[in-house]
$ cat final-v9.tsv   # TSV, C-alpha atoms
chain	number	residue	atom	x	y	z
A	92	ASN	CA	0.00	0.00	0.00
A	93	LYS	CA	1.13	3.50	-0.78
A	94	HIS	CA	1.91	5.80	2.12
A	95	ASN	CA	3.06	9.39	2.08
A	96	LEU	CA	6.63	9.48	3.34
A	97	TYR	CA	8.08	12.78	4.48
A	98	GLY	CA	10.85	13.90	2.15
A	99	TYR	CA	10.23	11.18	-0.47
A	100	GLU	CA	8.28	10.67	-3.66
A	101	TYR	CA	6.87	7.27	-4.56
A	102	ASN	CA	7.48	6.14	-8.13
A	103	PRO	CA	5.47	4.77	-9.90
A	104	LEU	CA	2.69	6.92	-8.52
A	105	ASN	CA	0.14	4.14	-8.85
A	106	SER	CA	0.78	2.08	-5.73
A	107	PHE	CA	-0.69	-1.03	-7.36
A	108	ASP	CA	1.68	-0.88	-10.34
A	109	CYS	CA	4.64	-3.06	-9.44
A	110	ILE	CA	5.41	-3.95	-13.04
A	111	GLY	CA	5.42	-0.45	-14.47
A	112	ASN	CA	8.76	1.04	-15.49
A	113	ASN	CA	10.13	-2.51	-15.98
A	114	GLY	CA	9.12	-3.49	-12.48
A	115	LEU	CA	11.16	-0.77	-10.77
A	116	VAL	CA	9.62	0.76	-7.66
A	117	SER	CA	11.47	3.70	-6.11
A	118	LEU	CA	11.41	5.99	-3.13
A	119	VAL	CA	13.05	9.09	-4.56
A	120	SER	CA	14.46	11.60	-2.12
A	121	LEU	CA	13.12	15.13	-2.51
A	122	HIS	CA	16.36	16.33	-0.91
A	123	PRO	CA	19.06	14.10	-2.44
A	124	GLU	CA	21.80	16.12	-0.77
A	125	LEU	CA	20.40	15.00	2.59
A	126	ASN	CA	18.73	11.62	2.11
A	127	PRO	CA	19.41	8.58	-0.09
A	128	SER	CA	16.92	7.12	-2.57
A	129	TYR	CA	15.87	3.48	-2.57
A	130	HIS	CA	14.95	1.28	-5.53
A	131	TYR	CA	13.27	-2.12	-5.60
A	132	GLN	CA	13.47	-4.25	-8.77
A	133	SER	CA	10.43	-6.54	-8.50
A	134	SER	CA	11.64	-8.93	-11.21
A	135	THR	CA	14.81	-9.79	-9.26
A	136	THR	CA	13.76	-8.61	-5.75
A	137	GLU	CA	17.02	-6.67	-5.60
A	138	ILE	CA	17.23	-3.47	-3.54
A	139	SER	CA	19.63	-0.66	-4.31
A	140	CYS	CA	20.40	2.59	-2.54
A	141	THR	CA	21.77	5.76	-4.15
A	142	TYR	CA	23.26	8.79	-2.44
A	143	GLY	CA	25.11	11.33	-4.55
A	144	ASP	CA	27.68	9.36	-6.57
A	145	PHE	CA	27.45	6.40	-4.22
A	146	THR	CA	25.33	3.32	-5.09
A	147	VAL	CA	25.08	0.05	-3.20
A	148	SER	CA	23.00	-3.01	-4.09
A	149	TYR	CA	21.69	-5.67	-1.77
A	150	PRO	CA	21.12	-9.26	-2.96
A	151	ALA	CA	17.63	-10.62	-3.43
A	152	CYS	CA	15.91	-11.54	-0.20
A	153	GLU	CA	16.21	-15.29	0.20
A	154	LYS	CA	13.51	-15.80	2.80
A	155	PRO	CA	10.15	-14.09	3.31
A	156	THR	CA	8.95	-12.55	6.54
A	157	GLU	CA	7.18	-15.71	7.69
A	158	TYR	CA	10.58	-17.11	8.68
A	159	ILE	CA	11.56	-16.61	12.31
A	160	SER	CA	14.86	-16.88	14.11
A	161	ARG	CA	15.83	-20.00	16.04
A	162	ASP	CA	16.01	-17.96	19.23
A	163	THR	CA	12.43	-16.83	18.70
A	164	PHE	CA	11.32	-20.39	18.03
A	165	ASN	CA	13.09	-21.67	21.15
A	166	GLN	CA	11.28	-19.08	23.24
A	167	ASN	CA	7.93	-19.88	21.60
A	168	PHE	CA	8.50	-23.61	22.11
A	169	ASN	CA	9.32	-23.18	25.79
A	170	ASP	CA	6.23	-20.99	26.25
A	171	ALA	CA	4.11	-23.67	24.56
A	172	LEU	CA	5.54	-26.34	26.87
A	173	ILE	CA	4.65	-24.27	29.92
A	174	ALA	CA	1.17	-23.62	28.52
A	175	GLY	CA	0.67	-27.36	28.04
A	176	ILE	CA	-0.43	-27.16	24.40
A	177	LEU	CA	2.04	-29.71	22.99
A	178	LEU	CA	1.67	-33.47	22.60
A	179	GLU	CA	5.28	-34.13	23.59
A	180	GLU	CA	8.47	-32.35	24.62
A	181	ASN	CA	9.88	-32.90	21.17
A	182	TYR	CA	10.01	-31.35	17.72
A	183	TYR	CA	11.12	-32.59	14.31
A	184	GLU	CA	13.55	-30.69	12.10
A	185	ARG	CA	14.15	-31.00	8.36
A	186	ASP	CA	16.20	-28.43	6.42
A	187	ASP	CA	14.84	-25.01	7.45
A	188	ARG	CA	11.51	-26.34	8.75
A	189	ILE	CA	10.54	-27.44	12.25
A	190	TYR	CA	7.42	-29.50	12.92
A	191	VAL	CA	5.62	-29.59	16.26
A	192	ILE	CA	2.44	-31.42	17.30
A	193	VAL	CA	0.07	-28.98	19.02
A	194	GLU	CA	-3.28	-29.37	20.74
A	195	GLY	CA	-6.42	-28.65	18.79
A	196	SER	CA	-9.80	-30.34	19.21
A	197	THR	CA	-10.84	-28.16	16.26
A	198	TRP	CA	-8.83	-27.18	13.21
A	199	GLU	CA	-9.09	-23.51	14.22
A	200	GLU	CA	-7.70	-24.18	17.71
A	201	ALA	CA	-4.77	-26.10	16.27
A	202	GLN	CA	-4.06	-23.25	13.85
A	203	VAL	CA	-4.05	-20.73	16.70
A	204	ASN	CA	-1.54	-22.86	18.61
A	205	ALA	CA	0.58	-23.22	15.47
A	206	ASN	CA	0.56	-19.42	15.17
A	207	GLN	CA	1.79	-19.12	18.75
A	208	LEU	CA	4.85	-21.14	17.77
A	209	GLY	CA	5.48	-18.77	14.86
A	210	GLY	CA	4.07	-20.92	12.06
A	211	ASN	CA	0.95	-22.48	10.59
A	212	LEU	CA	-0.57	-25.89	10.29
A	213	VAL	CA	1.63	-27.86	7.91
A	214	THR	CA	1.67	-27.54	4.14
A	215	ILE	CA	3.27	-30.66	2.64
A	216	ASN	CA	4.84	-29.80	-0.70
A	217	ASN	CA	6.14	-33.09	-2.08
A	218	GLN	CA	6.32	-36.86	-1.61
A	219	GLU	CA	9.72	-36.70	0.11
A	220	GLU	CA	8.41	-34.40	2.83
A	221	ASN	CA	5.30	-36.55	3.23
A	222	GLU	CA	7.31	-39.77	3.61
A	223	TRP	CA	9.77	-38.15	6.01
A	224	LEU	CA	6.96	-36.97	8.27
A	225	SER	CA	5.30	-40.39	8.18
A	226	ASN	CA	8.55	-42.12	9.09
A	227	GLU	CA	9.27	-39.66	11.91
A	228	LEU	CA	5.80	-39.74	13.45
A	229	PHE	CA	4.53	-43.28	12.95
A	230	GLY	CA	5.79	-46.43	14.65
A	231	PRO	CA	6.65	-47.94	18.04
A	232	ASP	CA	7.60	-45.37	20.69
A	233	LYS	CA	6.72	-42.53	18.33
A	234	ALA	CA	4.06	-39.83	18.29
A	235	SER	CA	1.51	-42.16	16.69
A	236	GLN	CA	1.29	-44.15	19.92
A	237	LEU	CA	0.44	-41.00	21.87
A	238	LEU	CA	-2.30	-40.24	19.34
A	239	GLU	CA	-4.02	-43.65	19.46
A	240	ASN	CA	-6.76	-42.29	21.74
A	241	ASN	CA	-6.72	-38.82	20.20
A	242	GLY	CA	-7.87	-39.52	16.65
A	243	SER	CA	-4.72	-41.26	15.33
A	244	ALA	CA	-4.22	-38.30	13.00
A	245	VAL	CA	-3.19	-34.63	13.06
A	246	TRP	CA	-4.70	-31.58	11.42
A	247	MET	CA	-2.93	-30.20	8.35
A	248	GLY	CA	-3.19	-26.72	6.85
A	249	MET	CA	-5.12	-27.64	3.70
A	250	ASN	CA	-8.81	-26.72	3.80
A	251	ASP	CA	-11.73	-26.03	1.49
A	252	ARG	CA	-13.79	-23.86	3.83
A	253	GLU	CA	-14.29	-21.15	1.22
A	254	SER	CA	-15.36	-23.40	-1.64
A	255	GLU	CA	-16.06	-27.12	-1.54
A	256	GLY	CA	-13.37	-29.00	-3.45
A	257	SER	CA	-11.02	-26.01	-3.77
A	258	TRP	CA	-8.28	-26.88	-1.31
A	259	GLU	CA	-6.03	-24.06	-0.11
A	260	ALA	CA	-3.13	-23.92	2.34
A	261	VAL	CA	-3.62	-21.70	5.39
A	262	SER	CA	0.07	-20.73	5.06
A	263	GLY	CA	-0.64	-19.17	1.67
A	264	GLU	CA	1.75	-21.54	-0.09
A	265	ASN	CA	0.80	-22.77	-3.55
A	266	SER	CA	1.32	-26.53	-3.47
A	267	SER	CA	-0.04	-28.95	-6.06
A	268	PHE	CA	1.05	-32.06	-4.13
A	269	SER	CA	-1.53	-34.28	-2.45
A	270	ASN	CA	-1.61	-37.74	-0.87
A	271	TRP	CA	-5.30	-38.44	-0.34
A	272	GLY	CA	-6.36	-41.91	0.71
A	273	PRO	CA	-8.50	-44.01	-1.65
A	274	GLY	CA	-11.79	-42.25	-2.39
A	275	GLU	CA	-10.73	-39.10	-0.53
A	276	PRO	CA	-11.54	-36.28	-0.15
A	277	ASN	CA	-15.24	-37.15	-0.26
A	278	ASN	CA	-16.88	-34.62	2.11
A	279	GLY	CA	-18.70	-37.60	3.62
A	280	GLY	CA	-21.78	-36.43	5.50
A	281	GLY	CA	-20.96	-32.83	4.62
A	282	GLY	CA	-18.76	-30.37	6.49
A	283	GLU	CA	-15.47	-32.22	5.96
A	284	ALA	CA	-13.59	-29.01	5.19
A	285	TYR	CA	-10.24	-29.78	6.83
A	286	SER	CA	-7.35	-32.07	5.96
A	287	ILE	CA	-5.76	-34.56	8.34
A	288	PHE	CA	-2.55	-36.58	8.19
A	289	LEU	CA	-3.24	-40.21	9.12
A	290	LEU	CA	-0.99	-41.95	11.63
A	291	PHE	CA	-2.38	-45.47	11.63
A	292	ASP	CA	-2.10	-48.51	9.39
A	293	SER	CA	-5.20	-50.40	8.19
A	294	TYR	CA	-6.32	-52.58	5.29
A	295	ASN	CA	-7.07	-49.53	3.10
A	296	ARG	CA	-5.14	-46.70	4.75
A	297	ASP	CA	-1.39	-46.25	5.18
A	298	PRO	CA	0.39	-43.87	7.56
A	299	GLY	CA	0.92	-40.53	5.83
A	300	MET	CA	-2.22	-40.66	3.72
A	301	TRP	CA	-4.61	-37.71	3.89
A	302	ASN	CA	-8.30	-37.52	4.65
A	303	ASP	CA	-10.89	-34.77	4.91
A	304	GLN	CA	-12.40	-34.27	8.34
A	305	PRO	CA	-15.06	-32.14	10.06
A	306	ASN	CA	-14.63	-30.36	13.39
A	307	ASP	CA	-16.30	-33.22	15.26
A	308	GLY	CA	-13.84	-33.57	18.16
A	309	GLN	CA	-12.35	-36.82	16.93
A	310	VAL	CA	-8.96	-35.33	15.98
A	311	GLN	CA	-7.33	-33.69	18.99
A	312	TYR	CA	-3.98	-32.44	17.67
A	313	GLY	CA	-2.48	-30.62	14.70
A	314	LEU	CA	0.93	-30.57	13.03
A	315	ALA	CA	2.51	-27.12	13.10
A	316	GLU	CA	5.22	-26.12	10.62
A	317	ILE	CA	7.62	-23.32	11.51
A	318	LYS	CA	10.11	-21.83	9.04
A	319	ILE	CA	13.49	-21.01	10.53
A	320	ASN	CA	16.10	-18.62	9.17
$ encode --input "final-v9.tsv" --output "structure tokens"
Amino acid sequence: NKHNLYGYEYNPLNSFDCIGNNGLVSLVSLHPELNPSYHYQSSTTEISCTYGDFTVSYPACEKPTEYISRDTFNQNFNDALIAGILLEENYYERDDRIYVIVEGSTWEEAQVNANQLGGNLVTINNQEENEWLSNELFGPDKASQLLENNGSAVWMGMNDRESEGSWEAVSGENSSFSNWGPGEPNNGGGGEAYSIFLLFDSYNRDPGMWNDQPNDGQVQYGLAEIKIN
């Protein structure tokens, strides 16, 4: 959104035009002898600063603002432990993502608790991530045993609350990957607007398959995903 900044002119003037002028968006100093000007190249996400004859460029931002520091996560995790909203005193780390199982007898409650940790309910982007989570969470002496009387599944971030059949990630990520169980999602009985990650093994369901689920109190926990920089 465009804001009036004292001593600067916004260019392009249309605040919604981020592709005008070859994608260059600038804050031009009205007093260049006093203040530098800043330029953002939307096509490369590079930022440059000019002041007199001096110009410096900064590399493209590698991680968006939804990433938090490890120190922040550690504090959030300790606070969650004290609040008693975690399934276990454990988390699972893969690359720059941390996964934590949080309480949530409804999808919304689980999402709130995921937010408190600095993330969202999980968005699974590919088969490798799906298999890794299944291997980490399912089996003897693993989280799946703690979930046997709590739904044997965890909430995920995918939902079709806005439009039946149009599944979206609460994190805002655009992921085309899915791992629905046979015949799923089927909106059985109506109101099955939320995705769950199964952590049991049966004749027609494997650990790591997905299902659609209503807020009926059967599933008691969700899988939070936190992005760490």
$ closest_residue --input "final-v9.tsv" --among "A:Tyr294, A:Tyr131, A:Tyr190, A:Phe145" --to "Pro273 (chain A)" --atoms "all atoms listed in the file"
A:Tyr294
$ atom_distance --input "final-v9.tsv" --atom1 "CA of Leu289 (chain A)" --atom2 "CA of Gly242 (chain A)"
8.9 Å
$ residues_around --input "final-v9.tsv" --residues "Leu212 (chain A)" --least-positions-apart "3" --cutoff "7 Å" --atoms "only C-alpha atoms" --output "MDAnalysis selection string"
chainID A and resid 202 205 247:248 313:316
$ closest_residue --input "final-v9.tsv" --among "A:Asn169, A:Asn265, A:Thr141, A:Asn270" --to "Glu219 (chain A)" --atoms "all atoms listed in the file"
A:Asn270
$ atom_distance --input "final-v9.tsv" --atom1 "CA of Ile192 (chain A)" --atom2 "CA of Ser254 (chain A)"
27.2 Å
$ residues_around --input "final-v9.tsv" --residues "Phe168 (chain A)" --least-positions-apart "2" --cutoff "10 Å" --atoms "only C-alpha atoms" --output "CSV table (one decimal) with C-alpha atoms, keeping the file's coordinate frame"
chain,number,residue,atom,x,y,z
A,162,ASP,CA,16.0,-18.0,19.2
A,163,THR,CA,12.4,-16.8,18.7
A,164,PHE,CA,11.3,-20.4,18.0
A,165,ASN,CA,13.1,-21.7,21.2
A,166,GLN,CA,11.3,-19.1,23.2
A,170,ASP,CA,6.2,-21.0,26.2
A,171,ALA,CA,4.1,-23.7,24.6
A,172,LEU,CA,5.5,-26.3,26.9
A,173,ILE,CA,4.6,-24.3,29.9
A,174,ALA,CA,1.2,-23.6,28.5
A,176,ILE,CA,-0.4,-27.2,24.4
A,177,LEU,CA,2.0,-29.7,23.0
A,180,GLU,CA,8.5,-32.4,24.6
A,181,ASN,CA,9.9,-32.9,21.2
A,182,TYR,CA,10.0,-31.4,17.7
A,191,VAL,CA,5.6,-29.6,16.3
A,207,GLN,CA,1.8,-19.1,18.8
A,208,LEU,CA,4.8,-21.1,17.8
A,209,GLY,CA,5.5,-18.8,14.9
$ residues_around --input "final-v9.tsv" --residues "Ser196 (chain A)" --least-positions-apart "5" --cutoff "8 Å" --atoms "all atoms listed in the file" --output "PyMOL selection string"
chain A and resi 201+306+308-312
$ closest_residue --input "final-v9.tsv" --among "A:Ala260, A:Ile319, A:Ala244, A:Leu118" --to "Phe288 (chain A)" --atoms "only C-alpha atoms"
A:Ala244
$ closest_residue --input "final-v9.tsv" --among "A:Met300, A:Leu178, A:Pro123, A:Lys318" --to "Gln236 (chain A)" --atoms "all atoms listed in the file"
A:Leu178
$ closest_residue --input "final-v9.tsv" --among "A:Ser293, A:Gly299, A:Ala284, A:Glu259" --to "Leu224 (chain A)" --atoms "all atoms listed in the file"
A:Gly299
$ closest_residue --input "final-v9.tsv" --among "A:Asn226, A:Ser243, A:Asn302, A:Ser266" --to "Leu290 (chain A)" --atoms "all atoms listed in the file"
A:Ser243
$ residues_near_point --input "final-v9.tsv" --point "(18.2, 14.9, -1.2)" --cutoff "12 Å" --atoms "only C-alpha atoms" --output "list in words"
Tyr97, Gly98, Tyr99, Glu100, Leu118, Val119, Ser120, Leu121, His122, Pro123, Glu124, Leu125, Asn126, Pro127, Ser128, Tyr129, Thr141, Tyr142 and Gly143 of chain A
$ atom_distance --input "final-v9.tsv" --atom1 "CA of Asn216 (chain A)" --atom2 "CA of Ile138 (chain A)"
29.2 Å
